[in-house]
Each structure stands twice: as structure tokens, then as C-alpha cells.
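Following: one structure in C-alpha cells, then a few remarks.
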Amino acid sequence: MDSTATLLLIGAAVVAAALLAVAVVLLVRLVRARSSLRRAGLPTGPRWVFWGAVLYLVLPTDLLPDPVYLDDIGVLLLALRSMRAARPLPPDSLEH
């Protein structure tokens, strides 16, 4: 194997590792958001969003092959956004 192919392989591995790290960080944020929403009385809909996003990340069938985590990151971001949008407003914001 020549040096160009080695550099490409190393670059692809670094990009894949970085994308995996972003996906894991988003998964942690999703779990934290779910636990805070659950304490506040989470409606039924976002539970399905949460479990669907987790399953999409874990299951081997994806839109893009697993070394490319862009689709997983997109699904996690959409789930996080959806769950945060379903969060009940704090009592202080209702009084204003």
C-alpha cells in the first residue's frame, strides 16, 4: 500500500471516529432531555420519538452505511428538537 492510500485510510478513520463521537454526544443529550421531560410529565408522543431515534442509531440498517454517521446525527438532532419542543413551559413564563 502506498503512502497516499494510507493517508486516505487514516483520514477516513479519523472522520468516522469524529462522527461517531458527535453521535454519542447527541445520544447523551437526548437521554438527558428525556429524563428531564419525564420528570416534568412527558407526553406519549416524544417517548416514541426517543425510542425511534435510539433504535435507528443502534440498528445496522441505515440510510447511509454505519461508518458515515451523518444520518444518525440527523435523526438524533430531530428527536432532540422534537422532545425539547414538547417540553412544558415553566410557570414563570406563563405569568408574563
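Going by the C-alpha cells order, chains are called A, B, ..., each with residues numbered from 1, while ligands are numbered from 1 in the order shown.
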
Using only C-alpha atoms, which protein or nucleic acid residues come within 10 Å of segment 76-87 of chain A? Drop anything in the same chain fewer than 4 positions from it, and give the result as a VMD selection string. chain A and resid 23 to 34 36 to 38 40 to 43 45 to 54 56 to 57 70 to 72

One decimal place gives the atom CA of Ala12 of chain A-atom CA of Tyr69 of chain A separation as 12.3 Å

The distance between atom CA of Thr6 of chain A and atom CA of Ala18 of chain A is 18.3 Å

Measure the distance from atom CA of Leu19 of chain A to atom CA of Pro60 of chain A in Å and round it to one decimal. 16.0 Å
